[in-house]
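Notes follow once the structure below has been shown.
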Amino acid sequence: MIKEEILKNLKIVLKKIGATDVEPTLEKPANSDFGDYSTSLPLKLTKQLKKNPMTIAEEIVKNFPKNDLIEKIDVIKPGFINFWISNVQLINQLYITVKNDLNYPEYHLGKNKKLMVEFAHPNTHKLFHIGHLRNISTGEALVRIFEAVGNKVIRGNYEGDVGLHIAKCLYGIQNSKFIIQNLKTLQERIEFIGKMYSAGTKAYEDDPKAKEEILRINKMIYDRDPEIMDLWTETRKWSLDYFDLNYKRFYSYFDRLYFESEIHKRGLEISKEILKKGILEESQGAVVFNGKKYGLDTRVFINSLGYPTYEGKELALAEKEFSDFGELDKIIHTVTPEQTSFFKVTFKVEELIDEKKYKGKQLHLAYEWVKLKAGKMSSREGNIIEANWLIDEVKKKIAEKFKCNEETTEILAVASVKYSFLKNGTQTIIHFDIDESIAVDGNSAPYLIYTYVRCQSVLNKSDFNNETRLRLSGFDGQAIKQLNNDESNVLRLINQFPEIVQQSAIQLSPNLIANYLYDLAQKYNYFYQKNKILESDEKIKQFRLMLTAATGKVIKEGLYLLGIKTVDKM
RNA sequence: GAGUCCAUAGUUCAACGGAUAGAAUAAAUCCCUUCUAAGGAUUAGAUGACAGUUCGAUUCUGUCUGGGCUCACCA
């Protein structure tokens with residue numbers, strides 16, 4: 001990597017001119033007039049070296065080793081040094097991009113190069129809504145990005161299949177007098193349990209008797225009472241079958257599904273053990289963690305009925321997750337931000353249980369909500385947007401506009417929705433409006449995919465093949481002199497791709513890749529508009545075909561990292 | 001009340017402490033016998049308020065204003 005090379009050289013130079021204790025830094029200037037990389041080191045060194053920044057800059061440049069990676073080094077007031085990568089190097093990288101598999105710089109969260117990304121987290125008997133879709137889009141992208149930079153990543157998914165929400169749903173079913181055997185399709189079944197959950201929730205709030213009954217059902221589920229088990233097992237399976245279809249539709253899968261039903265017993269055990277050890281304490285009939293001395297909230301681990309809460313269960317989940325796949329460097333929990341207090345507390349308790357095993361090993365990635373522009377999404381108000389419903393709506397929109405076949409329409413619809421989530425930072429609350437939010441033009445997946453298709457189309461019309469690519473290995477001189485601005489912009493962006501991927505891993509930010517791809521597509525389309533490819537002189541034509549091939553490859557690979565498929569024809 | 005996250009064009013979003021704060025969309029104008037116009041070009045528009053740190057602040061710190069979320073037995 002050129003970046004590393006420059007940094008290495010800067011380090012040597014700094015030592016030479018007597019600057020100590022400074023880590024060299026390189027920035028990527030927003031404005032391309034300022035080179036491919038730039039550093040503001042001279043400005044930072046003025047105090048230490050007691051010289052003015054321009055003098056320091058000149059000194060650094062004077063001592064900077066000559067090499068053919070760098071074409072030009074500029075010093076610009078008040079004290080920036082700008083580096084320009086040589087065309088030879090850029091084209092060499094372009095060649096590598098087209099010819100070989102893309103190679104990303106590595107990034108690891110620890111020595112084992114192994115982590116778990118825990119995501120999706122739908123609860124059975126409840127709707128799979130657009131919030132889950134954002135979660136799964138984010139989680140899947142993170143998994144692929146971390147794999148790309150050299151990690152073994154385990155996909156975990158913690159699904160809630162016991163607890164009050166289930167009891168509410170089952171209560172609803174028992175009181176509906178509806179014969180569930182009459183429900184034939186999965187779709188009907190899913191809609192049915194959705195309605196029953198709403199009915200149960202309403203009864204729980206409005207009717208004290210119903211509440212009592214629901215609590216009884218809840219207890220029966222925890223105790224695996226035969227009287228309720230059949231219904232529980234059957235309806236649970238409906239949900240799980242449905243989730244499987246969803247995961248498939250969104251191009252995701254999991255190495256391990258964790259269920260609350262499989263861990264709540266152990267959660268209770270652990271909570272009781274650490275109560276004895278004094279980590280937890282009794283209070284008002286419940287077992288709680290008193291977080292005050294750590295500046296944390298007090299939270300309940302065993303409720304006064306003797307059942308483990310979400311917190312209590314989490315202890316067992318952590319135990320399992322950290323033992324199922326050998327030693328992990330990190331577990332990334334992709335969960336909404338209102339759980340921040342919950343995770344702070346459970347991480348702390350786990351650390352108190354076994355510092356060596358847990359401390360610093362977990363991270364709560366608080367990705368934000370998808371909110372409705374007109375009010376909140378709430379099951380009580382019945383205005384939750386189901387994930388599949390949204391995709392189907394977008395699909396209709398795309399079918400109208402693009403008139404492509406079913407398979408392509410499906411891919412574009414999923415791509416549009418995923419991309420519209422992923423182009424935002426994880427911390428951004430998405431204000432959702434069905435008419436505006438899933439744009440199919442502008443900064444959107446169809447735009448990127450269209451650009452990809454355009455690249456393929458050009459290549460297909462050319463004689464571009466392996467042989468001509470190989471002939472280009474000696475590509476230099478003449479063509480380089482003719483490199484114009486449009487070509488240069490695309491070329492430089494293509495060179496940045498591996499670094500962008502690494503950055504997005506470091507910052508846990510898939511949106512960096514999304515924005516980069518959009519930038520690349522824009523630059524390529526501009527180039528395409530202004531420059532003929534197939535009708536140029538042979539050498540230029542070959543070079544432009546290389547650019548086209550690389551652009552297509554990078555878009556496809558970048559979209560793959562975001563969990564988005566491309567098509568070859570639109 | 002305490003904690004936490006957030007505040008950028010009309011709207012929806014970008015911007016590792018750097019240089020002229022980028023896009024999309026909405027508006028106007030222009031480019032189709034075309035390598036896919038599902039595209040491209042041009043014009044106009046923004047950092048909530050006040051201090052501080054810094055050579056330099058949208059970014060860091062403090063106060064204020066306005067929001068979201070959380071703070072004991074739901075998950």
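Residues are referred to by chain and number: the chain letter is A, B, ... according to the order shown in the structure tokens, the number counts from 1 in that chain, and ligands are numbered separately from 1 in the order shown.
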Discussion item. With only C-alpha atoms (C1' of nucleotides) considered, list every residue of chain A at most 6 Å from chain B, as JSON, numbers by chain.
Written reply: {"A": [299, 300, 303, 338, 442, 443, 454, 458]}
Just write the chosen residues, N, CA and C atoms, as a CSV table (one decimal), in the first residue's frame.
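Ended up saving to part.csv:
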chain,number,residue,atom,x,y,z
A,299,ARG,N,-30.2,-2.7,37.8
A,299,ARG,CA,-31.1,-3.5,36.9
A,299,ARG,C,-31.4,-4.8,37.5
A,300,VAL,N,-32.6,-5.3,37.2
A,300,VAL,CA,-33.0,-6.6,37.7
A,300,VAL,C,-32.6,-7.8,36.9
A,303,ASN,N,-36.5,-11.6,38.5
A,303,ASN,CA,-37.7,-10.9,39.0
A,303,ASN,C,-38.3,-11.5,40.3
A,338,GLU,N,-31.5,2.0,22.7
A,338,GLU,CA,-32.2,2.1,24.0
A,338,GLU,C,-31.7,1.0,24.9
A,442,GLY,N,-30.8,9.0,-8.3
A,442,GLY,CA,-29.9,9.7,-7.4
A,442,GLY,C,-29.0,8.7,-6.7
A,443,ASN,N,-28.7,9.0,-5.4
A,443,ASN,CA,-27.8,8.1,-4.7
A,443,ASN,C,-28.5,6.9,-4.2
A,454,ARG,N,-23.8,-0.8,-17.3
A,454,ARG,CA,-23.2,0.0,-18.4
A,454,ARG,C,-21.8,-0.5,-18.6
A,458,VAL,N,-20.4,-2.1,-22.2
A,458,VAL,CA,-19.2,-1.6,-23.0
A,458,VAL,C,-18.2,-2.7,-23.2
Fill in: strand (DSSP E) positions in segment 70-129 of chain A, given as a VMD selection string
chain A and resid 70 to 76 80 to 85 114 to 118
So which residues touch Glu557 of chain A within 12 Å, counting only C-alpha atoms (C1' of nucleotides), skipping near sequence neighbours fewer than 2 positions away, as an mmCIF file with C-alpha atoms, in the first residue's frame?
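Done, and the output landed in selection38.cif:
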data_model
loop_
_atom_site.group_PDB
_atom_site.id
_atom_site.type_symbol
_atom_site.label_atom_id
_atom_site.label_comp_id
_atom_site.auth_asym_id
_atom_site.auth_seq_id
_atom_site.Cartn_x
_atom_site.Cartn_y
_atom_site.Cartn_z
ATOM 1 C CA THR A 97 -7.406 -4.662 -9.708
ATOM 2 C CA VAL A 98 -8.605 -6.000 -13.027
ATOM 3 C CA ASP A 101 -8.718 -10.644 -6.793
ATOM 4 C CA LEU A 102 -8.963 -7.500 -4.809
ATOM 5 C CA ASN A 103 -6.574 -7.453 -1.913
ATOM 6 C CA TYR A 104 -7.521 -5.543 1.184
ATOM 7 C CA ALA A 141 -22.474 -5.825 5.739
ATOM 8 C CA ARG A 144 -18.630 -9.280 4.958
ATOM 9 C CA ILE A 145 -16.428 -6.250 5.533
ATOM 10 C CA ALA A 148 -12.691 -8.972 3.592
ATOM 11 C CA LEU A 448 -24.930 1.961 -8.912
ATOM 12 C CA ILE A 449 -26.170 -1.225 -10.503
ATOM 13 C CA TYR A 452 -22.204 -1.598 -13.338
ATOM 14 C CA ILE A 494 -10.222 2.844 -7.982
ATOM 15 C CA PHE A 497 -11.026 1.154 -2.746
ATOM 16 C CA PRO A 498 -9.015 -1.236 -0.544
ATOM 17 C CA VAL A 501 -12.883 -1.034 2.929
ATOM 18 C CA ILE A 513 -18.282 2.057 1.199
ATOM 19 C CA ALA A 514 -21.726 3.155 0.010
ATOM 20 C CA LEU A 517 -19.238 3.633 -4.594
ATOM 21 C CA ALA A 550 -12.029 -2.023 -12.885
ATOM 22 C CA THR A 551 -14.997 0.248 -12.197
ATOM 23 C CA GLY A 552 -17.384 -2.620 -12.793
ATOM 24 C CA LYS A 553 -15.374 -4.912 -10.629
ATOM 25 C CA VAL A 554 -15.115 -2.467 -7.758
ATOM 26 C CA ILE A 555 -18.840 -1.643 -7.855
ATOM 27 C CA LEU A 559 -21.982 -3.910 -3.326
ATOM 28 C CA TYR A 560 -21.187 -7.477 -2.334
ATOM 29 C CA LEU A 561 -19.585 -6.155 0.836
ATOM 30 C CA LEU A 562 -22.810 -4.285 1.523
ATOM 31 C CA GLY A 563 -24.780 -7.470 1.032
ATOM 32 C CA ILE A 564 -26.236 -6.319 -2.266
ATOM 33 C CA LYS A 565 -26.418 -8.296 -5.489
ATOM 34 C CA THR A 566 -25.795 -6.939 -8.949
#
Fill in: Point-to-point distance in Å for atom CA of Tyr171 of chain A and atom CA of Asp225 of chain A
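Separating atom CA of Asp225 of chain A from atom CA of Tyr171 of chain A is a distance of 14.6 Å.
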Discussion item. Would you compute the distance between atom C1' of A9 of chain B and atom C1' of A37 of chain B? Give it in Å to one decimal.
Written reply: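 Answer for the atom C1' of A9 of chain B to atom C1' of A37 of chain B separation: 27.6 Å.
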Worksheet item: Using only C-alpha atoms (C1' of nucleotides), which of B:G17, B:A7, B:A46, B:U54 sits nearest Lys47 of chain A?
Response: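 Closest to Lys47 of chain A of all the choices is B:U54.
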Worksheet item: Just asking: which residues within segment 231-419 of chain A are alpha helix (DSSP H) according to DSSP, as an MDAnalysis selection string?
Response: chainID A and resid 231:249 260:276 310:324 340:353 355:358 387:402 406:419
Could those residues be written to a file, using C-alpha atoms, as a compact mmCIF listing (two decimals), in the first residue's frame?
# COMPACT_ATOMS: atom_id res chain seq x y z
CA LEU A 231 -49.33 -24.47 20.75
CA TRP A 232 -46.04 -22.82 21.63
CA THR A 233 -44.01 -25.24 19.51
CA GLU A 234 -46.28 -24.96 16.50
CA THR A 235 -46.59 -21.19 16.44
CA ARG A 236 -42.90 -20.76 17.19
CA LYS A 237 -42.11 -22.88 14.17
CA TRP A 238 -44.27 -20.66 11.98
CA SER A 239 -42.19 -17.68 12.99
CA LEU A 240 -38.90 -19.47 12.52
CA ASP A 241 -39.88 -20.74 9.08
CA TYR A 242 -40.86 -17.24 8.19
CA PHE A 243 -37.57 -15.81 9.46
CA ASP A 244 -35.68 -18.35 7.37
CA LEU A 245 -37.47 -17.13 4.27
CA ASN A 246 -36.60 -13.56 5.20
CA TYR A 247 -32.93 -14.31 5.79
CA LYS A 248 -32.81 -15.96 2.43
CA ARG A 249 -34.53 -13.07 0.74
CA GLU A 260 -34.01 -17.53 24.97
CA SER A 261 -35.77 -20.82 25.61
CA GLU A 262 -32.47 -22.66 25.57
CA ILE A 263 -30.64 -20.37 27.96
CA HIS A 264 -33.05 -19.00 30.54
CA LYS A 265 -32.44 -21.89 32.92
CA ARG A 266 -28.72 -21.42 32.86
CA GLY A 267 -29.24 -17.66 33.16
CA LEU A 268 -31.14 -18.23 36.36
CA GLU A 269 -28.40 -20.53 37.67
CA ILE A 270 -25.61 -18.07 36.98
CA SER A 271 -27.59 -15.24 38.53
CA LYS A 272 -28.10 -17.29 41.68
CA GLU A 273 -24.42 -18.26 41.83
CA ILE A 274 -23.23 -14.70 41.60
CA LEU A 275 -25.85 -13.62 44.11
CA LYS A 276 -23.99 -15.83 46.56
CA TYR A 310 -33.41 -10.28 29.86
CA GLU A 311 -30.36 -9.33 31.94
CA GLY A 312 -30.22 -12.69 33.71
CA LYS A 313 -30.47 -14.56 30.43
CA GLU A 314 -27.75 -12.46 28.87
CA LEU A 315 -25.21 -13.95 31.27
CA ALA A 316 -25.92 -17.42 29.94
CA LEU A 317 -25.87 -16.17 26.38
CA ALA A 318 -22.42 -14.65 26.88
CA GLU A 319 -21.18 -17.86 28.43
CA LYS A 320 -22.36 -19.85 25.42
CA GLU A 321 -21.20 -17.42 22.79
CA PHE A 322 -17.71 -17.29 24.25
CA SER A 323 -17.38 -21.06 24.38
CA ASP A 324 -19.12 -22.29 21.23
CA THR A 340 -27.23 1.04 26.06
CA SER A 341 -27.87 0.90 29.78
CA PHE A 342 -28.65 -2.80 29.58
CA PHE A 343 -25.36 -3.61 27.86
CA LYS A 344 -23.28 -1.40 30.12
CA VAL A 345 -24.65 -3.30 33.09
CA THR A 346 -24.42 -6.83 31.69
CA PHE A 347 -20.90 -6.20 30.34
CA LYS A 348 -19.91 -5.04 33.83
CA VAL A 349 -21.46 -8.01 35.57
CA GLU A 350 -19.81 -10.41 33.15
CA GLU A 351 -16.51 -8.71 33.76
CA LEU A 352 -17.01 -9.20 37.50
CA ILE A 353 -17.76 -12.87 36.91
CA GLU A 355 -12.46 -10.55 34.07
CA LYS A 356 -10.03 -12.42 31.87
CA LYS A 357 -12.76 -14.00 29.81
CA TYR A 358 -15.02 -11.01 29.26
CA ALA A 387 -40.02 -5.73 6.05
CA ASN A 388 -41.44 -7.79 3.21
CA TRP A 389 -44.30 -5.41 2.65
CA LEU A 390 -41.84 -2.59 2.11
CA ILE A 391 -39.75 -4.55 -0.34
CA ASP A 392 -42.83 -5.57 -2.26
CA GLU A 393 -43.93 -1.93 -2.49
CA VAL A 394 -40.54 -0.91 -3.81
CA LYS A 395 -40.69 -3.82 -6.19
CA LYS A 396 -43.89 -2.47 -7.68
CA LYS A 397 -42.28 0.92 -8.07
CA ILE A 398 -39.29 -0.58 -9.84
CA ALA A 399 -41.40 -2.79 -12.07
CA GLU A 400 -43.29 0.29 -13.24
CA LYS A 401 -40.21 2.32 -13.89
CA PHE A 402 -37.72 -0.18 -15.27
CA GLU A 406 -39.02 -10.73 -12.23
CA GLU A 407 -35.61 -11.87 -11.06
CA THR A 408 -34.00 -8.52 -11.83
CA THR A 409 -36.86 -6.62 -10.23
CA GLU A 410 -36.51 -8.63 -7.05
CA ILE A 411 -32.76 -8.04 -6.87
CA LEU A 412 -33.21 -4.32 -7.51
CA ALA A 413 -35.93 -4.03 -4.88
CA VAL A 414 -33.89 -5.70 -2.15
CA ALA A 415 -30.86 -3.69 -3.26
CA SER A 416 -32.76 -0.40 -3.12
CA VAL A 417 -34.06 -0.95 0.37
CA LYS A 418 -30.80 -2.24 1.79
CA TYR A 419 -28.81 0.53 0.18
Worksheet item: Just how far from atom CA of Lys202 of chain A is atom CA of Phe178 of chain A, in Å to one decimal?
Response: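 Distance between the two atoms: 17.9 Å.
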Worksheet entry | Surrounding residues of Ser462 of chain A excluding itself and chain neighbours under 3 positions, 9 Å, only C-alpha atoms (C1' of nucleotides), as a PyMOL selection string | (chain A and resi 457-459+465+534+545) or (chain B and resi 35)
